[in-house]
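Notes to accompany the following structure.
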Amino acid sequence: MKTIISARRLCKKYGAFVAVDGISFDIEEGECFGFLGPNGAGKTSTVRMIHCVSPLTSGTLIVDGQAAHVDNRAVKQQTGVIPQEITLDSDLTVRENLQVHAHFFAIPRREARRRIDGLLQFVELEKRRDSKIDQLSTGMKRRLLIARALLNQPRILIADEPTTGLDPQARHLIWQRLRQLKDQGATLILTTQYMEEAQQLCDRIVIMHQGRILKEGAPARLIAAEIGREVTEIRSAADQDESLVAELGPLARGHERAGDTLYFYCDDGRPLMKKVLELDLPATVHRPASLEDVFLKLTGRNLVE
Amino acid sequence: MNFSRRIAWVFWRNMVSYKRFVLTTFLASLIQPLFYLVTFGIGMGAYLGQFGGKPYLYFLVPGVLTTSVMMSSSFECMYGTFVKMIHEKLYDSLIATPVSAEDAVAGDIAWGAFRGLVSGSLMMIVAIFMGILPVSLLSVLLLVLLMVFVGVLFGSLAMIVTSFAPNFDFFNYYSELVITPMLFFSGVFFPLDRFPGWMKALAQFMPLTHAVAVARAIFNGDYSRGLLLNFLVIFILGGAAFYFGVRRMKKRLIK
């Protein structure tokens, strides 16, 4: 596998505020790489530096063999961006949005027409080609953003929280499309705060928090390493912790209290559940461990602001 | 400064959107100058008799024409650009493509200048229908050229204002404190000769004064050596405003 993006001690400051605090990572060609983190973790700042719209404060960032910087048109030429915000041109129709964009990438007119027809089909908007943007639903707008990001047939596709605010149907359609693109060989960079999204799409993820990378790895491996296979949640008052931990602790890999819930992490939950039944604890949930547990364990289960 | 031919495609984007509201803008950019022509030109002009050997309208038309170029290009680069930048986030999607921030801003200044040219040309057509003709065909061509320069000048000045604007209300300062005084103290409606000395001096600091002087000379075909200085002011100030407008906007767009 060839490394297509490589960052070393990458920093981004806005005035005195440190958004990205000296992170290093490598992204392989053809993989789906996810940046996970709560709001303000530095995900968007990082990807904006990758696609050359935001200058680095310090460190190095190599994209496809070239240093990333705001005047690097060559990197932008082969990057597609699905932005977090809907940045469609509301004065234009669906089709015109794509036509205008094709010119910015210097795609010849006839080739552009061919690609636009194909992409409108790909995102299932061919019937809305002459609609104005404000006649589209949020899901359609997001799909159009995907089509727009693909016009230049990018080798690197950046999706910055691509499914925020979508209903489940629209979200699944977008996931399918992104997976299809990855199968076609594009390198996919995803930022998200939805763990399910990361688990669905990413080969490897980094979990970011306050501008730093806390953990890096394949989702399944991170879950196994940090949490185990199963999680038992017990709703209970905090003053019961001592006795519960004394009883259940030896049967689990670890435990954690957050708010009204005590979490036990284990690889095999059966002995622990047997004990829970013995103790007759009614408000208990037993479930498989997920990326969300890793994420919450690392970034803290309490609200970050 | 990182410019490319993509400036033309940014301009073209505006053209594609323009076709939807072109008629409304015709109306908007014609009405105010027409009021000036009717009230000052025909109403007041009736009392003025000959003005430098010609009816007053020959004095007024080039002034009003230049003013309408100033208005259109300024407002396009203030309100138009602000909406595209803040409300529609258009610049964000532009600079994610190989279009640089400089291309995007220069394309919009060019667009503002074009809008000014359209307004000025409409005024000229109205004047021609009223029988107030530029002195020759060459004059018409030179006026078109001048309108482009004037449009770039005021579009760029407005772009500097936009680069600082936190909200729409901010533009009121510029239009009330800069645009409106220029309208009345730049020799659009009457010659500057009878103003007190300090006012005459002040007028020299208003770019519109120089633009109107050149437009009037071209319209009536009476050229003098002093015009060269007027034109140089437009040209140099326009270049400087363009440079700073693009630079300031880039600073705002790229963070």
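Identifiers in the structure tokens: chain A, B, ... in order shown; residue index from 1 per chain; ligand index from 1 in order shown.
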Please provide the set of residues having any atom within 7 Å of Lys250 (chain B), restricted to only C-alpha atoms, with same-chain residues fewer than 3 positions apart removed, written as a CSV table (one decimal) with N, CA, C and O atoms, in the first residue's frame.
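File out-v4.csv, as written:
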chain,number,residue,atom,x,y,z
B,101,ALA,N,-8.5,32.0,-4.0
B,101,ALA,CA,-9.2,33.1,-3.4
B,101,ALA,C,-9.1,34.4,-4.3
B,101,ALA,O,-10.1,35.1,-4.5
B,102,GLU,N,-7.9,34.6,-4.8
B,102,GLU,CA,-7.7,35.7,-5.7
B,102,GLU,C,-8.5,35.7,-6.9
B,102,GLU,O,-9.1,36.7,-7.3
B,246,VAL,N,-8.4,42.6,-3.2
B,246,VAL,CA,-8.2,41.2,-3.3
B,246,VAL,C,-7.4,40.7,-2.1
B,246,VAL,O,-7.7,39.6,-1.6
B,247,ARG,N,-6.4,41.4,-1.7
B,247,ARG,CA,-5.6,41.0,-0.6
B,247,ARG,C,-6.4,40.9,0.7
B,247,ARG,O,-6.3,39.9,1.5
B,253,LEU,N,-11.1,35.3,3.7
B,253,LEU,CA,-11.6,34.0,3.2
B,253,LEU,C,-10.7,32.8,3.6
B,253,LEU,O,-11.2,31.7,3.9
B,254,ILE,N,-9.4,33.0,3.7
B,254,ILE,CA,-8.5,31.9,4.0
B,254,ILE,C,-8.1,32.1,5.5
B,254,ILE,O,-7.5,33.0,5.9
When you get a sec, could you note down which chain B residues fall within 12 Å of chain A, using only C-alpha atoms, as a PyMOL selection string?
chain B and resi 1-21+80+83-104+250-255
Output file for the residues above (N, CA and C atoms, as a compact mmCIF listing (two decimals), in the first residue's frame):
# COMPACT_ATOMS: atom_id res chain seq x y z
N MET B 1 0.02 37.06 -4.95
CA MET B 1 -1.19 37.09 -5.78
C MET B 1 -1.18 35.92 -6.73
N ASN B 2 -2.22 35.14 -6.68
CA ASN B 2 -2.25 33.88 -7.41
C ASN B 2 -3.47 33.88 -8.36
N PHE B 3 -3.29 34.49 -9.53
CA PHE B 3 -4.40 34.62 -10.48
C PHE B 3 -4.31 33.57 -11.59
N SER B 4 -5.47 33.21 -12.13
CA SER B 4 -5.47 32.30 -13.28
C SER B 4 -6.66 32.64 -14.17
N ARG B 5 -6.76 31.92 -15.27
CA ARG B 5 -7.87 32.16 -16.21
C ARG B 5 -9.22 31.79 -15.60
N ARG B 6 -9.19 31.15 -14.43
CA ARG B 6 -10.45 30.77 -13.80
C ARG B 6 -11.28 31.97 -13.37
N ILE B 7 -10.63 33.16 -13.32
CA ILE B 7 -11.37 34.39 -13.07
C ILE B 7 -12.56 34.46 -14.02
N ALA B 8 -12.32 34.07 -15.27
CA ALA B 8 -13.38 34.14 -16.28
C ALA B 8 -14.54 33.21 -15.93
N TRP B 9 -14.23 32.07 -15.31
CA TRP B 9 -15.31 31.14 -14.96
C TRP B 9 -16.08 31.61 -13.74
N VAL B 10 -15.41 32.32 -12.86
CA VAL B 10 -16.13 32.92 -11.72
C VAL B 10 -17.10 33.98 -12.26
N PHE B 11 -16.61 34.75 -13.22
CA PHE B 11 -17.45 35.75 -13.88
C PHE B 11 -18.65 35.06 -14.54
N TRP B 12 -18.37 33.96 -15.19
CA TRP B 12 -19.42 33.23 -15.92
C TRP B 12 -20.48 32.69 -14.96
N ARG B 13 -20.07 32.24 -13.81
CA ARG B 13 -21.02 31.77 -12.80
C ARG B 13 -22.05 32.87 -12.49
N ASN B 14 -21.55 34.10 -12.38
CA ASN B 14 -22.46 35.21 -12.10
C ASN B 14 -23.40 35.46 -13.28
N MET B 15 -22.86 35.27 -14.48
CA MET B 15 -23.68 35.45 -15.68
C MET B 15 -24.82 34.44 -15.69
N VAL B 16 -24.53 33.18 -15.33
CA VAL B 16 -25.57 32.14 -15.33
C VAL B 16 -26.67 32.51 -14.35
N SER B 17 -26.29 33.05 -13.20
CA SER B 17 -27.34 33.38 -12.23
C SER B 17 -28.06 34.68 -12.63
N TYR B 18 -27.33 35.56 -13.33
CA TYR B 18 -27.88 36.87 -13.72
C TYR B 18 -29.09 36.74 -14.64
N LYS B 19 -29.06 35.73 -15.49
CA LYS B 19 -30.13 35.64 -16.50
C LYS B 19 -31.51 35.51 -15.85
N ARG B 20 -31.55 35.11 -14.57
CA ARG B 20 -32.85 34.97 -13.90
C ARG B 20 -33.41 36.29 -13.43
N PHE B 21 -32.54 37.26 -13.16
CA PHE B 21 -33.11 38.51 -12.64
C PHE B 21 -32.61 39.74 -13.40
N GLY B 80 -23.94 42.11 -3.03
CA GLY B 80 -23.85 40.88 -3.82
C GLY B 80 -22.79 39.95 -3.27
N VAL B 83 -23.56 38.57 0.37
CA VAL B 83 -24.52 37.46 0.35
C VAL B 83 -23.82 36.17 -0.08
N LYS B 84 -23.02 36.28 -1.14
CA LYS B 84 -22.34 35.08 -1.63
C LYS B 84 -21.35 34.54 -0.60
N MET B 85 -20.71 35.44 0.12
CA MET B 85 -19.69 35.02 1.07
C MET B 85 -20.30 34.46 2.36
N ILE B 86 -21.23 35.20 2.96
CA ILE B 86 -21.73 34.84 4.29
C ILE B 86 -22.97 33.97 4.22
N HIS B 87 -23.95 34.37 3.41
CA HIS B 87 -25.22 33.66 3.43
C HIS B 87 -25.19 32.38 2.61
N GLU B 88 -24.58 32.45 1.43
CA GLU B 88 -24.62 31.28 0.58
C GLU B 88 -23.34 30.45 0.64
N LYS B 89 -22.32 30.95 1.33
CA LYS B 89 -21.05 30.23 1.48
C LYS B 89 -20.46 29.82 0.13
N LEU B 90 -20.72 30.64 -0.85
CA LEU B 90 -20.28 30.33 -2.20
C LEU B 90 -18.76 30.33 -2.32
N TYR B 91 -18.15 31.26 -1.62
CA TYR B 91 -16.69 31.35 -1.69
C TYR B 91 -16.04 30.09 -1.12
N ASP B 92 -16.67 29.52 -0.09
CA ASP B 92 -16.11 28.29 0.49
C ASP B 92 -16.05 27.18 -0.55
N SER B 93 -17.13 27.06 -1.34
CA SER B 93 -17.10 25.98 -2.32
C SER B 93 -16.19 26.35 -3.50
N LEU B 94 -16.06 27.65 -3.79
CA LEU B 94 -15.16 28.05 -4.87
C LEU B 94 -13.71 27.71 -4.55
N ILE B 95 -13.28 28.07 -3.34
CA ILE B 95 -11.85 27.90 -3.06
C ILE B 95 -11.48 26.46 -2.73
N ALA B 96 -12.49 25.57 -2.64
CA ALA B 96 -12.17 24.15 -2.51
C ALA B 96 -11.86 23.53 -3.88
N THR B 97 -12.09 24.27 -4.94
CA THR B 97 -11.75 23.82 -6.28
C THR B 97 -10.41 24.49 -6.65
N PRO B 98 -9.88 24.22 -7.84
CA PRO B 98 -8.62 24.91 -8.20
C PRO B 98 -8.74 26.43 -8.32
N VAL B 99 -9.91 26.98 -8.12
CA VAL B 99 -10.06 28.44 -8.09
C VAL B 99 -9.39 28.97 -6.82
N SER B 100 -8.49 29.94 -6.97
CA SER B 100 -7.85 30.50 -5.77
C SER B 100 -8.73 31.61 -5.21
N ALA B 101 -8.46 32.02 -3.98
CA ALA B 101 -9.23 33.12 -3.39
C ALA B 101 -9.09 34.37 -4.26
N GLU B 102 -7.88 34.57 -4.80
CA GLU B 102 -7.66 35.74 -5.66
C GLU B 102 -8.52 35.67 -6.92
N ASP B 103 -8.58 34.47 -7.53
CA ASP B 103 -9.43 34.31 -8.71
C ASP B 103 -10.88 34.66 -8.38
N ALA B 104 -11.34 34.14 -7.25
CA ALA B 104 -12.75 34.32 -6.88
C ALA B 104 -13.07 35.79 -6.70
N LYS B 250 -8.84 38.00 0.58
CA LYS B 250 -8.17 36.71 0.74
C LYS B 250 -7.93 36.45 2.22
N LYS B 251 -7.54 37.50 2.92
CA LYS B 251 -7.29 37.36 4.34
C LYS B 251 -8.55 36.94 5.09
N ARG B 252 -9.68 37.45 4.60
CA ARG B 252 -10.93 37.09 5.26
C ARG B 252 -11.37 35.67 4.89
N LEU B 253 -11.09 35.27 3.65
CA LEU B 253 -11.59 33.98 3.17
C LEU B 253 -10.73 32.81 3.62
N ILE B 254 -9.43 33.02 3.70
CA ILE B 254 -8.51 31.92 4.02
C ILE B 254 -8.12 32.06 5.48
N LYS B 255 -8.52 31.09 6.27
CA LYS B 255 -8.20 31.18 7.69
C LYS B 255 -7.40 29.96 8.13
Run DSSP on the backbone of this structure and report the residues of region 22-246 of chain B it assigns to alpha helix (DSSP H), as a PyMOL selection string.
chain B and resi 22-36+45-48+56-75+81-82+90-95+101-129+137-164+170-174+180-185+197-204+207-220+226-246
Which residues come within 6 Å of Ala218 (chain A), counting only C-alpha atoms, excluding same-chain residues fewer than 3 positions away, as a ChimeraX atom specification?
/A:203-204,221
Those residues with N, CA and C atoms, as a PDB file, in the first residue's frame please?
ATOM      1  N   ASP A 203     -11.842   1.896   7.316  1.00  0.00           N
ATOM      2  CA  ASP A 203     -10.862   0.836   7.550  1.00  0.00           C
ATOM      3  C   ASP A 203     -10.052   1.159   8.790  1.00  0.00           C
ATOM      4  N   ARG A 204      -9.702   2.418   8.893  1.00  0.00           N
ATOM      5  CA  ARG A 204      -8.924   2.848  10.056  1.00  0.00           C
ATOM      6  C   ARG A 204      -9.463   4.181  10.523  1.00  0.00           C
ATOM      7  N   ARG A 221     -10.553  -3.531  16.003  1.00  0.00           N
ATOM      8  CA  ARG A 221      -9.417  -3.776  16.875  1.00  0.00           C
ATOM      9  C   ARG A 221      -9.395  -2.804  18.051  1.00  0.00           C
TER      10      ARG A 221
END
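For the pair CA of Gly228 (chain A) and CA of Leu296 (chain A), the separation is 14.1 Å.
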Filtered DSSP result for region 15-147 of chain A, state strand (DSSP E), as a PyMOL selection string:
chain A and resi 17-28+32-36+58-63+66-67+79-82
Write out as an mmCIF file with N, CA and C atoms, in the first residue's frame which residues come within 9 Å of Gly238 (chain B) when counting only C-alpha atoms, dropping same-chain ones fewer than 5 positions away.
data_model
loop_
_atom_site.group_PDB
_atom_site.id
_atom_site.type_symbol
_atom_site.label_atom_id
_atom_site.label_comp_id
_atom_site.auth_asym_id
_atom_site.auth_seq_id
_atom_site.Cartn_x
_atom_site.Cartn_y
_atom_site.Cartn_z
ATOM 1 N N PHE B 149 -13.133 50.905 -16.554
ATOM 2 C CA PHE B 149 -12.148 51.344 -15.562
ATOM 3 C C PHE B 149 -12.844 51.839 -14.287
ATOM 4 N N VAL B 150 -13.881 52.663 -14.490
ATOM 5 C CA VAL B 150 -14.598 53.217 -13.335
ATOM 6 C C VAL B 150 -15.253 52.087 -12.535
ATOM 7 N N GLY B 151 -15.774 51.083 -13.249
ATOM 8 C CA GLY B 151 -16.406 49.952 -12.576
ATOM 9 C C GLY B 151 -15.405 49.168 -11.741
ATOM 10 N N VAL B 152 -14.225 48.943 -12.287
ATOM 11 C CA VAL B 152 -13.185 48.218 -11.534
ATOM 12 C C VAL B 152 -12.790 49.043 -10.312
ATOM 13 N N LEU B 153 -12.650 50.349 -10.501
ATOM 14 C CA LEU B 153 -12.273 51.223 -9.389
ATOM 15 C C LEU B 153 -13.291 51.138 -8.247
ATOM 16 N N PHE B 154 -14.567 51.367 -8.552
ATOM 17 C CA PHE B 154 -15.549 51.384 -7.461
ATOM 18 C C PHE B 154 -15.881 49.985 -6.961
ATOM 19 N N GLY B 155 -15.834 48.995 -7.855
ATOM 20 C CA GLY B 155 -16.025 47.623 -7.402
ATOM 21 C C GLY B 155 -14.939 47.225 -6.402
ATOM 22 N N SER B 156 -13.698 47.608 -6.700
ATOM 23 C CA SER B 156 -12.589 47.247 -5.810
ATOM 24 C C SER B 156 -12.682 47.989 -4.480
ATOM 25 N N LEU B 157 -13.045 49.288 -4.552
ATOM 26 C CA LEU B 157 -13.198 50.040 -3.298
ATOM 27 C C LEU B 157 -14.269 49.380 -2.426
ATOM 28 N N VAL B 233 -5.438 59.287 -12.157
ATOM 29 C CA VAL B 233 -5.993 59.046 -10.824
ATOM 30 C C VAL B 233 -6.899 57.811 -10.851
ATOM 31 N N TYR B 243 -5.794 45.776 -5.897
ATOM 32 C CA TYR B 243 -4.781 45.002 -5.177
ATOM 33 C C TYR B 243 -5.179 44.804 -3.708
#
Mind checking which residues fall within 10 Å of His286 (chain A), counting only C-alpha atoms, ignoring those fewer than 6 positions away in the same chain, and posting them as a ChimeraX atom specification?
/A:230-234,263-264,269-270,272-273
Selection file, C-alpha atoms, as a CSV table (one decimal), in the first residue's frame:
chain,number,residue,atom,x,y,z
A,230,GLU,CA,-19.5,-6.8,25.6
A,231,VAL,CA,-20.7,-4.0,27.8
A,232,THR,CA,-23.1,-4.2,30.8
A,233,GLU,CA,-24.8,-1.0,31.8
A,234,ILE,CA,-26.3,-0.9,35.3
A,263,TYR,CA,-20.5,0.4,32.9
A,264,PHE,CA,-18.7,-3.0,33.1
A,269,GLY,CA,-20.3,-11.3,29.8
A,270,ARG,CA,-22.0,-14.6,30.8
A,272,LEU,CA,-21.1,-11.3,35.0
A,273,MET,CA,-24.8,-11.5,33.8
Taking 3 positions as the minimum chain separation for residues in the same chain, which residues sit within 6 Å of Pro62 (chain B) when counting only C-alpha atoms? Answer as a ChimeraX atom specification.
/B:65,215-216
Would you mind reading off the distance between CA of Leu150 (chain A) and CA of Leu98 (chain A), one decimal, in Å?
10.0 Å
